[in-house]
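Okay, so here's the structure we're looking at.
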Number of protein chains: 2
Amino acid sequence: MKCRRCRQPAVIEVRRHNAGFCRDCFLHHCREQVRRTIDDFGMIGPGERVLVAVSGGKDSLALWDILGDLGVDADGLYLGLGIGEYSGDSGRYARAYAEGRGAKLVEIDLPADVGFDIPTGARVAHRAPCSACGLSKRHLFNQAAVDGGYDVLATGHNLDDEAAVLFGNVLRWSTDYLGRQLPVLPAGNGFVRKVKPLVRLGERESAAYCVLAGIDYQVEECPMAEGNRHLGYKEALNAVEERSPGSKHTFYFGFLERASPLFTPEARAERDELRPCARCGTPTPGDICAFCRLVERAAT
Amino acid sequence: MKCRRCRQPAVIEVRRHNAGFCRDCFLHHCREQVRRTIDDFGMIGPGERVLVAVSGGKDSLALWDILGDLGVDADGLYLGLGIGEYSGDSGRYARAYAEGRGAKLVEIDLPADVGFDIPTGARVAHRAPCSACGLSKRHLFNQAAVDGGYDVLATGHNLDDEAAVLFGNVLRWSTDYLGRQLPVLPAGNGFVRKVKPLVRLGERESAAYCVLAGIDYQVEECPMAEGNRHLGYKEALNAVEERSPGSKHTFYFGFLERASPLFTPEARAERDELRPCARCGTPTPGDICAFCRLVERAAT
């Protein structure tokens, strides 16, 4: 197979695009997909400061790298989750990338700075680890972006992630989540703008990007995620994609184009009913937000 | 495991309901699921005459049997598709059931009465066999119901079928199909009311119903359906259901409750733009309906 752009021998095939690429053209292709996503959805304006949530995995490091190449002013944010060896290794990959490129990495350590680790927080709050983790990330990522004066928080969610989340939301017809599953969530109510510039890239592509760009990343999956529903949804969609390449893209972008607008009014109405958390000011449907309750339980 | 109703030893477990049943209580359970579906969705009114589309498979024979037990005035309709040995066998199962119960079976033979079989029709019309077959069934089932003076046409679509169709419609966000995927389509515009009373039963349950009720049925899958997308969607959903029993039920009934109303206005608007086919009077977006075009091509 030859490279679609330059006709040199291809080193990677992207079945969804029915195309092969050589190394340089593949890196170019990835950058162009991200540039197009940023433009199409108005994710980042000229001169805006971006904070990239960096886990040390392939997606977030590829995102940080591509944003740098595209000339975006992007610092990294690493949140240490206290998940044993996995977190230790992840932090090292994030730091190594930052040092190698002379990029700025903001660090927060959940155990040291907030007082609990994910395994403990999940146990005391009677939450699934992925739920406690997601809750903590949403809160602390936004807090760090606000504190650091950033305009935008960028996360490395890729097409596979978003399609799997969408599948889960659709399986349960969680109309409120469906109304909020957007690649850009506008700023407001104490939140900075949240963007997902990798939604045009599959996870195989972000991994290949890192390999071909010479970026070392944490290859291990988080040990706490093993067997969770999200991975089951990914597997089911992988089986569909295998038979019909492009199914995930059609599923996710078809949703954004034709179905998402039907669900947003309900989500907007729910958002308008939130009030500030009495402790931290985060909008919440109750008096104290879920993150402050998690912190409280984990501290006792 | 014991029967949920009578505490005798169970012969079948339904994981979705987290329950086991003995033979008699399982047959009762199936009838109650169908009775409830008919009541909840207002499928069949008192004294209405029902035509059941009978393929000779487990679903349609279970449906016909249950409708009889529930005291519904239901005749059968068998459409011979001309798919070699498969069709020959299917017809024999349908006739054997009718004879055994003294029930009336209306028969149409696609090759003899309309002039083509499914393999030929699909080839000349450049359609997938399942597409030519579905088109022919929709047309001829309705025609037979209208000609016979029936109020309702009932088909044996089960929960697995409907969940897989819904998954396909959602993967493509076919908003028009989503607006029409209902367990009851009201009469009007030359169509009798169409109902799917088995949507609360999985295919494993309709098969078990036939086995336990002593009904012989066509076990073979249609040879033309092999490898089609619909079966791929079923497999993907089966993997999800395996991890989380009840997922298909939540997916399908959650759709009906919370999402379907968002899609129906578009479908209704499209329906209102249809005009009668110049040949047969069926509502169509063009001059000649797709079935009449299929007949025309297959005849030449």
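Chain labels A, B, ... are given in the sequence in which chains occur in the structure tokens; within each chain residues are numbered consecutively from 1, and ligands are likewise numbered from 1 in the order shown.
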Write out chain A, as an mmCIF file with C-alpha atoms, in the first residue's frame, after superposing it onto chain B by least squares using every C-alpha atom paired in order.
data_model
loop_
_atom_site.group_PDB
_atom_site.id
_atom_site.type_symbol
_atom_site.label_atom_id
_atom_site.label_comp_id
_atom_site.auth_asym_id
_atom_site.auth_seq_id
_atom_site.Cartn_x
_atom_site.Cartn_y
_atom_site.Cartn_z
ATOM 1 C CA MET A 1 -33.381 -22.836 40.665
ATOM 2 C CA LYS A 2 -37.073 -22.772 41.498
ATOM 3 C CA CYS A 3 -39.980 -21.367 39.511
ATOM 4 C CA ARG A 4 -40.698 -17.766 40.481
ATOM 5 C CA ARG A 5 -44.458 -18.367 40.508
ATOM 6 C CA CYS A 6 -45.055 -21.870 41.876
ATOM 7 C CA ARG A 7 -41.702 -22.816 43.502
ATOM 8 C CA GLN A 8 -41.532 -26.079 41.509
ATOM 9 C CA PRO A 9 -38.155 -26.814 39.853
ATOM 10 C CA ALA A 10 -37.491 -24.329 37.052
ATOM 11 C CA VAL A 11 -36.815 -25.513 33.490
ATOM 12 C CA ILE A 12 -35.768 -22.134 32.110
ATOM 13 C CA GLU A 13 -34.027 -19.065 33.467
ATOM 14 C CA VAL A 14 -34.687 -15.560 32.139
ATOM 15 C CA ARG A 15 -31.645 -13.583 33.286
ATOM 16 C CA ARG A 16 -33.186 -10.241 32.327
ATOM 17 C CA HIS A 17 -35.958 -10.866 34.851
ATOM 18 C CA ASN A 18 -33.563 -12.614 37.235
ATOM 19 C CA ALA A 19 -36.119 -15.425 37.428
ATOM 20 C CA GLY A 20 -36.641 -19.089 36.643
ATOM 21 C CA PHE A 21 -39.898 -20.712 35.520
ATOM 22 C CA CYS A 22 -41.377 -24.199 35.272
ATOM 23 C CA ARG A 23 -42.978 -25.156 31.959
ATOM 24 C CA ASP A 24 -46.532 -24.021 32.704
ATOM 25 C CA CYS A 25 -45.527 -20.827 34.441
ATOM 26 C CA PHE A 26 -43.162 -19.947 31.600
ATOM 27 C CA LEU A 27 -45.961 -20.294 29.047
ATOM 28 C CA HIS A 28 -48.134 -18.196 31.339
ATOM 29 C CA HIS A 29 -45.329 -15.624 31.684
ATOM 30 C CA CYS A 30 -45.036 -15.319 27.879
ATOM 31 C CA ARG A 31 -48.765 -14.888 27.460
ATOM 32 C CA GLU A 32 -48.827 -12.249 30.179
ATOM 33 C CA GLN A 33 -45.968 -10.338 28.550
ATOM 34 C CA VAL A 34 -47.907 -10.288 25.281
ATOM 35 C CA ARG A 35 -51.200 -9.402 26.964
ATOM 36 C CA ARG A 36 -49.495 -6.522 28.754
ATOM 37 C CA THR A 37 -47.886 -5.290 25.527
ATOM 38 C CA ILE A 38 -51.221 -5.362 23.700
ATOM 39 C CA ASP A 39 -52.898 -3.468 26.544
ATOM 40 C CA ASP A 40 -50.134 -0.932 27.179
ATOM 41 C CA PHE A 41 -49.920 0.101 23.547
ATOM 42 C CA GLY A 42 -53.585 -0.349 22.624
ATOM 43 C CA MET A 43 -52.658 -2.801 19.877
ATOM 44 C CA ILE A 44 -55.878 -4.728 19.410
ATOM 45 C CA GLY A 45 -59.408 -3.606 20.279
ATOM 46 C CA PRO A 46 -62.300 -5.887 21.285
ATOM 47 C CA GLY A 47 -63.673 -7.851 18.321
ATOM 48 C CA GLU A 48 -61.006 -6.695 15.899
ATOM 49 C CA ARG A 49 -59.821 -9.172 13.260
ATOM 50 C CA VAL A 50 -56.077 -9.755 13.218
ATOM 51 C CA LEU A 51 -53.873 -11.141 10.447
ATOM 52 C CA VAL A 52 -50.602 -12.605 11.767
ATOM 53 C CA ALA A 53 -47.659 -12.685 9.367
ATOM 54 C CA VAL A 54 -46.369 -16.246 9.840
ATOM 55 C CA SER A 55 -42.948 -17.229 8.509
ATOM 56 C CA GLY A 56 -42.871 -20.684 10.052
ATOM 57 C CA GLY A 57 -40.195 -19.547 12.510
ATOM 58 C CA LYS A 58 -40.358 -19.493 16.310
ATOM 59 C CA ASP A 59 -41.469 -15.882 16.726
ATOM 60 C CA SER A 60 -44.447 -15.797 14.407
ATOM 61 C CA LEU A 61 -45.728 -19.219 15.459
ATOM 62 C CA ALA A 62 -45.369 -18.325 19.148
ATOM 63 C CA LEU A 63 -47.222 -15.080 18.465
ATOM 64 C CA TRP A 64 -50.050 -16.812 16.618
ATOM 65 C CA ASP A 65 -50.339 -19.390 19.390
ATOM 66 C CA ILE A 66 -50.398 -16.804 22.161
ATOM 67 C CA LEU A 67 -52.941 -14.618 20.369
ATOM 68 C CA GLY A 68 -55.171 -17.689 20.072
ATOM 69 C CA ASP A 69 -54.772 -18.431 23.777
ATOM 70 C CA LEU A 70 -55.628 -14.832 24.595
ATOM 71 C CA GLY A 71 -58.870 -15.198 22.622
ATOM 72 C CA VAL A 72 -57.872 -12.903 19.779
ATOM 73 C CA ASP A 73 -59.531 -13.593 16.412
ATOM 74 C CA ALA A 74 -56.288 -14.181 14.488
ATOM 75 C CA ASP A 75 -55.740 -15.793 11.082
ATOM 76 C CA GLY A 76 -52.278 -16.520 9.705
ATOM 77 C CA LEU A 77 -50.653 -15.248 6.510
ATOM 78 C CA TYR A 78 -47.809 -17.156 4.900
ATOM 79 C CA LEU A 79 -45.795 -15.507 2.130
ATOM 80 C CA GLY A 80 -43.722 -17.949 0.043
ATOM 81 C CA LEU A 81 -40.505 -16.123 -0.846
ATOM 82 C CA GLY A 82 -39.110 -18.647 -3.325
ATOM 83 C CA ILE A 83 -35.849 -19.113 -1.391
ATOM 84 C CA GLY A 84 -35.333 -22.792 -2.364
ATOM 85 C CA GLU A 85 -35.530 -25.473 0.300
ATOM 86 C CA TYR A 86 -35.702 -22.876 3.073
ATOM 87 C CA SER A 87 -39.041 -21.521 1.805
ATOM 88 C CA GLY A 88 -40.422 -25.008 1.167
ATOM 89 C CA ASP A 89 -39.673 -26.078 4.740
ATOM 90 C CA SER A 90 -40.928 -22.804 6.227
ATOM 91 C CA GLY A 91 -44.288 -23.173 4.475
ATOM 92 C CA ARG A 92 -44.648 -26.721 5.770
ATOM 93 C CA TYR A 93 -44.152 -25.589 9.385
ATOM 94 C CA ALA A 94 -46.736 -22.832 8.956
ATOM 95 C CA ARG A 95 -49.274 -25.218 7.379
ATOM 96 C CA ALA A 96 -48.651 -27.940 9.959
ATOM 97 C CA TYR A 97 -49.350 -25.501 12.789
ATOM 98 C CA ALA A 98 -52.544 -24.237 11.128
ATOM 99 C CA GLU A 99 -53.824 -27.773 10.473
ATOM 100 C CA GLY A 100 -52.969 -28.933 13.973
ATOM 101 C CA ARG A 101 -54.967 -26.111 15.553
ATOM 102 C CA GLY A 102 -57.692 -25.844 12.934
ATOM 103 C CA ALA A 103 -56.634 -22.267 12.278
ATOM 104 C CA LYS A 104 -57.016 -20.424 8.974
ATOM 105 C CA LEU A 105 -53.845 -19.764 6.985
ATOM 106 C CA VAL A 106 -53.944 -17.348 4.045
ATOM 107 C CA GLU A 107 -51.177 -18.112 1.540
ATOM 108 C CA ILE A 108 -49.451 -15.965 -1.057
ATOM 109 C CA ASP A 109 -46.690 -17.322 -3.235
ATOM 110 C CA LEU A 110 -44.357 -14.599 -4.465
ATOM 111 C CA PRO A 111 -43.122 -16.525 -7.578
ATOM 112 C CA ALA A 112 -46.546 -17.891 -8.587
ATOM 113 C CA ASP A 113 -48.751 -14.956 -7.615
ATOM 114 C CA VAL A 114 -46.488 -11.953 -8.196
ATOM 115 C CA GLY A 115 -43.973 -13.289 -10.705
ATOM 116 C CA PHE A 116 -40.561 -13.283 -9.011
ATOM 117 C CA ASP A 117 -38.636 -14.873 -6.157
ATOM 118 C CA ILE A 118 -36.453 -12.969 -3.670
ATOM 119 C CA PRO A 119 -33.047 -14.022 -5.097
ATOM 120 C CA THR A 120 -34.138 -12.892 -8.589
ATOM 121 C CA GLY A 121 -35.900 -9.746 -7.395
ATOM 122 C CA ALA A 122 -32.868 -8.678 -5.374
ATOM 123 C CA ARG A 123 -30.518 -9.288 -8.314
ATOM 124 C CA VAL A 124 -32.508 -7.418 -10.957
ATOM 125 C CA ALA A 125 -33.303 -4.531 -8.610
ATOM 126 C CA HIS A 126 -29.684 -4.276 -7.406
ATOM 127 C CA ARG A 127 -30.935 -4.518 -3.831
ATOM 128 C CA ALA A 128 -29.642 -6.578 -0.927
ATOM 129 C CA PRO A 129 -31.880 -9.672 -0.587
ATOM 130 C CA CYS A 130 -33.060 -8.542 2.877
ATOM 131 C CA SER A 131 -34.037 -5.188 1.416
ATOM 132 C CA ALA A 132 -36.045 -6.685 -1.473
ATOM 133 C CA CYS A 133 -37.624 -9.117 0.974
ATOM 134 C CA GLY A 134 -38.588 -6.460 3.511
ATOM 135 C CA LEU A 135 -40.058 -4.273 0.786
ATOM 136 C CA SER A 136 -42.122 -7.164 -0.616
ATOM 137 C CA LYS A 137 -43.345 -8.213 2.814
ATOM 138 C CA ARG A 138 -44.412 -4.690 3.817
ATOM 139 C CA HIS A 139 -46.409 -4.325 0.629
ATOM 140 C CA LEU A 140 -47.969 -7.778 0.345
ATOM 141 C CA PHE A 141 -48.750 -8.178 4.051
ATOM 142 C CA ASN A 142 -50.686 -4.924 4.037
ATOM 143 C CA GLN A 143 -52.399 -5.762 0.756
ATOM 144 C CA ALA A 144 -53.533 -9.125 2.107
ATOM 145 C CA ALA A 145 -54.824 -7.519 5.306
ATOM 146 C CA VAL A 146 -56.763 -4.886 3.350
ATOM 147 C CA ASP A 147 -58.144 -7.463 0.891
ATOM 148 C CA GLY A 148 -59.208 -9.784 3.704
ATOM 149 C CA GLY A 149 -60.931 -7.037 5.679
ATOM 150 C CA TYR A 150 -58.612 -7.358 8.689
ATOM 151 C CA ASP A 151 -58.246 -4.478 11.175
ATOM 152 C CA VAL A 152 -54.738 -5.276 12.322
ATOM 153 C CA LEU A 153 -51.576 -6.817 10.912
ATOM 154 C CA ALA A 154 -49.406 -8.446 13.613
ATOM 155 C CA THR A 155 -45.762 -9.405 13.116
ATOM 156 C CA GLY A 156 -43.469 -11.496 15.313
ATOM 157 C CA HIS A 157 -40.688 -8.937 15.834
ATOM 158 C CA ASN A 158 -39.217 -9.677 19.239
ATOM 159 C CA LEU A 159 -37.126 -7.595 21.645
ATOM 160 C CA ASP A 160 -33.842 -8.736 20.077
ATOM 161 C CA ASP A 161 -35.084 -7.763 16.613
ATOM 162 C CA GLU A 162 -36.318 -4.359 17.674
ATOM 163 C CA ALA A 163 -33.217 -3.590 19.737
ATOM 164 C CA ALA A 164 -30.981 -4.538 16.785
ATOM 165 C CA VAL A 165 -33.007 -2.408 14.357
ATOM 166 C CA LEU A 166 -32.895 0.456 16.842
ATOM 167 C CA PHE A 167 -29.126 0.049 17.201
ATOM 168 C CA GLY A 168 -28.728 0.238 13.416
ATOM 169 C CA ASN A 169 -30.961 3.306 13.210
ATOM 170 C CA VAL A 170 -29.036 4.970 16.026
ATOM 171 C CA LEU A 171 -25.609 4.096 14.587
ATOM 172 C CA ARG A 172 -26.619 6.016 11.457
ATOM 173 C CA TRP A 173 -28.921 8.437 13.285
ATOM 174 C CA SER A 174 -31.574 7.765 10.661
ATOM 175 C CA THR A 175 -33.928 10.230 12.252
ATOM 176 C CA ASP A 176 -36.755 9.341 9.850
ATOM 177 C CA TYR A 177 -36.593 5.638 10.734
ATOM 178 C CA LEU A 178 -36.232 6.507 14.421
ATOM 179 C CA GLY A 179 -39.457 8.487 14.166
ATOM 180 C CA ARG A 180 -41.283 5.471 12.800
ATOM 181 C CA GLN A 181 -39.831 2.672 14.936
ATOM 182 C CA LEU A 182 -42.894 2.101 17.076
ATOM 183 C CA PRO A 183 -44.615 -1.055 18.317
ATOM 184 C CA VAL A 184 -47.891 0.251 16.869
ATOM 185 C CA LEU A 185 -48.269 2.106 13.585
ATOM 186 C CA PRO A 186 -51.803 3.471 13.335
ATOM 187 C CA ALA A 187 -54.040 2.702 10.361
ATOM 188 C CA GLY A 188 -54.449 5.313 7.672
ATOM 189 C CA ASN A 189 -53.415 6.223 4.146
ATOM 190 C CA GLY A 190 -54.331 2.767 2.833
ATOM 191 C CA PHE A 191 -52.539 0.900 5.609
ATOM 192 C CA VAL A 192 -54.096 -1.264 8.313
ATOM 193 C CA ARG A 193 -52.774 -0.878 11.854
ATOM 194 C CA LYS A 194 -49.428 -2.669 12.297
ATOM 195 C CA VAL A 195 -48.514 -4.108 15.693
ATOM 196 C CA LYS A 196 -45.581 -5.989 17.240
ATOM 197 C CA PRO A 197 -46.948 -7.782 20.317
ATOM 198 C CA LEU A 198 -43.713 -9.735 21.044
ATOM 199 C CA VAL A 199 -41.516 -6.745 21.893
ATOM 200 C CA ARG A 200 -41.357 -7.796 25.538
ATOM 201 C CA LEU A 201 -40.003 -11.259 24.681
ATOM 202 C CA GLY A 202 -36.443 -12.082 23.662
ATOM 203 C CA GLU A 203 -35.766 -14.564 20.876
ATOM 204 C CA ARG A 204 -34.539 -17.123 23.384
ATOM 205 C CA GLU A 205 -37.947 -16.886 25.043
ATOM 206 C CA SER A 206 -39.984 -17.276 21.865
ATOM 207 C CA ALA A 207 -37.870 -20.335 20.981
ATOM 208 C CA ALA A 208 -38.380 -21.783 24.465
ATOM 209 C CA TYR A 209 -42.096 -21.029 24.201
ATOM 210 C CA CYS A 210 -42.368 -23.105 21.018
ATOM 211 C CA VAL A 211 -40.340 -25.973 22.462
ATOM 212 C CA LEU A 212 -42.351 -26.056 25.695
ATOM 213 C CA ALA A 213 -45.690 -25.583 23.910
ATOM 214 C CA GLY A 214 -44.884 -28.422 21.476
ATOM 215 C CA ILE A 215 -44.795 -26.224 18.355
ATOM 216 C CA ASP A 216 -42.476 -27.378 15.552
ATOM 217 C CA TYR A 217 -40.818 -24.490 13.784
ATOM 218 C CA GLN A 218 -38.231 -23.692 11.135
ATOM 219 C CA VAL A 219 -34.952 -23.607 13.062
ATOM 220 C CA GLU A 220 -32.751 -22.565 10.123
ATOM 221 C CA GLU A 221 -31.968 -18.901 9.662
ATOM 222 C CA CYS A 222 -32.771 -17.589 6.191
ATOM 223 C CA PRO A 223 -29.695 -18.417 4.055
ATOM 224 C CA MET A 224 -29.872 -15.017 2.351
ATOM 225 C CA ALA A 225 -29.527 -13.138 5.651
ATOM 226 C CA GLU A 226 -26.127 -14.628 6.449
ATOM 227 C CA GLY A 227 -23.546 -11.988 7.311
ATOM 228 C CA ASN A 228 -25.966 -9.077 7.037
ATOM 229 C CA ARG A 229 -25.555 -5.994 9.188
ATOM 230 C CA HIS A 230 -28.597 -6.724 11.293
ATOM 231 C CA LEU A 231 -26.977 -9.937 12.573
ATOM 232 C CA GLY A 232 -23.816 -7.963 13.382
ATOM 233 C CA TYR A 233 -25.874 -5.523 15.453
ATOM 234 C CA LYS A 234 -27.500 -8.447 17.254
ATOM 235 C CA GLU A 235 -24.112 -9.899 18.124
ATOM 236 C CA ALA A 236 -22.813 -6.579 19.425
ATOM 237 C CA LEU A 237 -25.910 -6.138 21.612
ATOM 238 C CA ASN A 238 -25.669 -9.734 22.797
ATOM 239 C CA ALA A 239 -22.187 -8.967 24.126
ATOM 240 C CA VAL A 240 -23.591 -5.979 26.053
ATOM 241 C CA GLU A 241 -26.579 -7.991 27.320
ATOM 242 C CA GLU A 242 -24.261 -10.763 28.466
ATOM 243 C CA ARG A 243 -22.424 -8.327 30.768
ATOM 244 C CA SER A 244 -25.563 -6.462 31.861
ATOM 245 C CA PRO A 245 -28.771 -8.479 31.546
ATOM 246 C CA GLY A 246 -31.680 -6.165 30.786
ATOM 247 C CA SER A 247 -29.649 -3.803 28.601
ATOM 248 C CA LYS A 248 -31.737 -4.504 25.499
ATOM 249 C CA HIS A 249 -34.991 -3.971 27.346
ATOM 250 C CA THR A 250 -33.735 -0.673 28.802
ATOM 251 C CA PHE A 251 -32.447 0.377 25.386
ATOM 252 C CA TYR A 252 -35.700 -0.314 23.526
ATOM 253 C CA PHE A 253 -38.255 0.769 26.114
ATOM 254 C CA GLY A 254 -36.148 3.761 27.183
ATOM 255 C CA PHE A 255 -36.192 4.822 23.550
ATOM 256 C CA LEU A 256 -39.979 4.541 23.325
ATOM 257 C CA GLU A 257 -40.430 6.480 26.528
ATOM 258 C CA ARG A 258 -37.877 9.250 26.316
ATOM 259 C CA ALA A 259 -36.444 9.597 22.817
ATOM 260 C CA SER A 260 -38.977 8.431 20.260
ATOM 261 C CA PRO A 261 -41.239 11.498 20.773
ATOM 262 C CA LEU A 262 -38.320 13.731 19.755
ATOM 263 C CA PHE A 263 -38.088 12.025 16.377
ATOM 264 C CA THR A 264 -41.758 11.526 15.486
ATOM 265 C CA PRO A 265 -42.497 15.081 14.241
ATOM 266 C CA GLU A 266 -39.986 14.716 11.394
ATOM 267 C CA ALA A 267 -41.353 11.288 10.445
ATOM 268 C CA ARG A 268 -44.888 12.628 10.512
ATOM 269 C CA ALA A 269 -43.947 15.539 8.271
ATOM 270 C CA GLU A 270 -42.351 13.131 5.800
ATOM 271 C CA ARG A 271 -45.421 10.906 5.820
ATOM 272 C CA ASP A 272 -47.661 13.870 5.074
ATOM 273 C CA GLU A 273 -45.713 14.556 1.896
ATOM 274 C CA LEU A 274 -46.345 11.105 0.388
ATOM 275 C CA ARG A 275 -48.676 10.709 -2.576
ATOM 276 C CA PRO A 276 -50.439 7.536 -3.820
ATOM 277 C CA CYS A 277 -48.443 5.291 -6.169
ATOM 278 C CA ALA A 278 -49.824 5.635 -9.721
ATOM 279 C CA ARG A 279 -50.006 1.827 -10.033
ATOM 280 C CA CYS A 280 -51.143 0.459 -6.669
ATOM 281 C CA GLY A 281 -52.129 3.453 -4.562
ATOM 282 C CA THR A 282 -49.538 2.844 -1.819
ATOM 283 C CA PRO A 283 -48.248 6.157 -0.419
ATOM 284 C CA THR A 284 -44.838 6.923 -1.896
ATOM 285 C CA PRO A 285 -42.472 9.906 -2.169
ATOM 286 C CA GLY A 286 -42.258 9.410 -5.986
ATOM 287 C CA ASP A 287 -44.762 8.547 -8.724
ATOM 288 C CA ILE A 288 -44.374 4.761 -8.604
ATOM 289 C CA CYS A 289 -43.766 3.019 -5.271
ATOM 290 C CA ALA A 290 -40.624 0.958 -4.666
ATOM 291 C CA PHE A 291 -42.550 -2.325 -4.697
ATOM 292 C CA CYS A 292 -44.175 -1.663 -8.088
ATOM 293 C CA ARG A 293 -40.744 -0.739 -9.453
ATOM 294 C CA LEU A 294 -39.342 -3.994 -8.085
ATOM 295 C CA VAL A 295 -42.179 -5.967 -9.725
ATOM 296 C CA GLU A 296 -41.603 -4.169 -13.020
ATOM 297 C CA ARG A 297 -37.854 -4.841 -13.066
ATOM 298 C CA ALA A 298 -38.275 -8.450 -11.988
ATOM 299 C CA ALA A 299 -40.810 -9.055 -14.786
ATOM 300 C CA THR A 300 -38.553 -7.859 -17.620
#
Please identify which residues in stretch 56-173 of chain B DSSP calls alpha helix (DSSP H) from the backbone, and express them as a PyMOL selection string. chain B and resi 58-69+84-101+118-124+129-147+159-171
From a backbone DSSP assignment, name each residue in stretch 42-135 of chain A labelled strand (DSSP E or B), as an MDAnalysis selection string. chainID A and resid 49:53 73:80 105:109
I need the residues from that last selection saved to file as a PDB file, in the first residue's frame (with C-alpha atoms), if you can.
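Below is the file out23.pdb, written as the result:
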ATOM      1  CA  ARG A  49      -4.285  30.059  26.739  1.00  0.00           C
ATOM      2  CA  VAL A  50      -5.007  26.340  26.845  1.00  0.00           C
ATOM      3  CA  LEU A  51      -4.489  23.854  29.676  1.00  0.00           C
ATOM      4  CA  VAL A  52      -4.202  20.254  28.433  1.00  0.00           C
ATOM      5  CA  ALA A  53      -5.159  17.508  30.876  1.00  0.00           C
ATOM      6  CA  ASP A  73      -0.179  28.224  23.682  1.00  0.00           C
ATOM      7  CA  ALA A  74      -0.753  25.014  25.663  1.00  0.00           C
ATOM      8  CA  ASP A  75       0.528  24.022  29.109  1.00  0.00           C
ATOM      9  CA  GLY A  76       0.019  20.546  30.550  1.00  0.00           C
ATOM     10  CA  LEU A  77      -1.774  19.514  33.742  1.00  0.00           C
ATOM     11  CA  TYR A  78      -0.967  16.225  35.431  1.00  0.00           C
ATOM     12  CA  LEU A  79      -3.241  14.946  38.195  1.00  0.00           C
ATOM     13  CA  GLY A  80      -1.677  12.211  40.361  1.00  0.00           C
ATOM     14  CA  LEU A 105       3.563  20.978  33.314  1.00  0.00           C
ATOM     15  CA  VAL A 106       1.281  21.949  36.201  1.00  0.00           C
ATOM     16  CA  GLU A 107       1.026  19.139  38.762  1.00  0.00           C
ATOM     17  CA  ILE A 108      -1.617  18.296  41.338  1.00  0.00           C
ATOM     18  CA  ASP A 109      -1.308  15.283  43.583  1.00  0.00           C
TER      19      ASP A 109
END
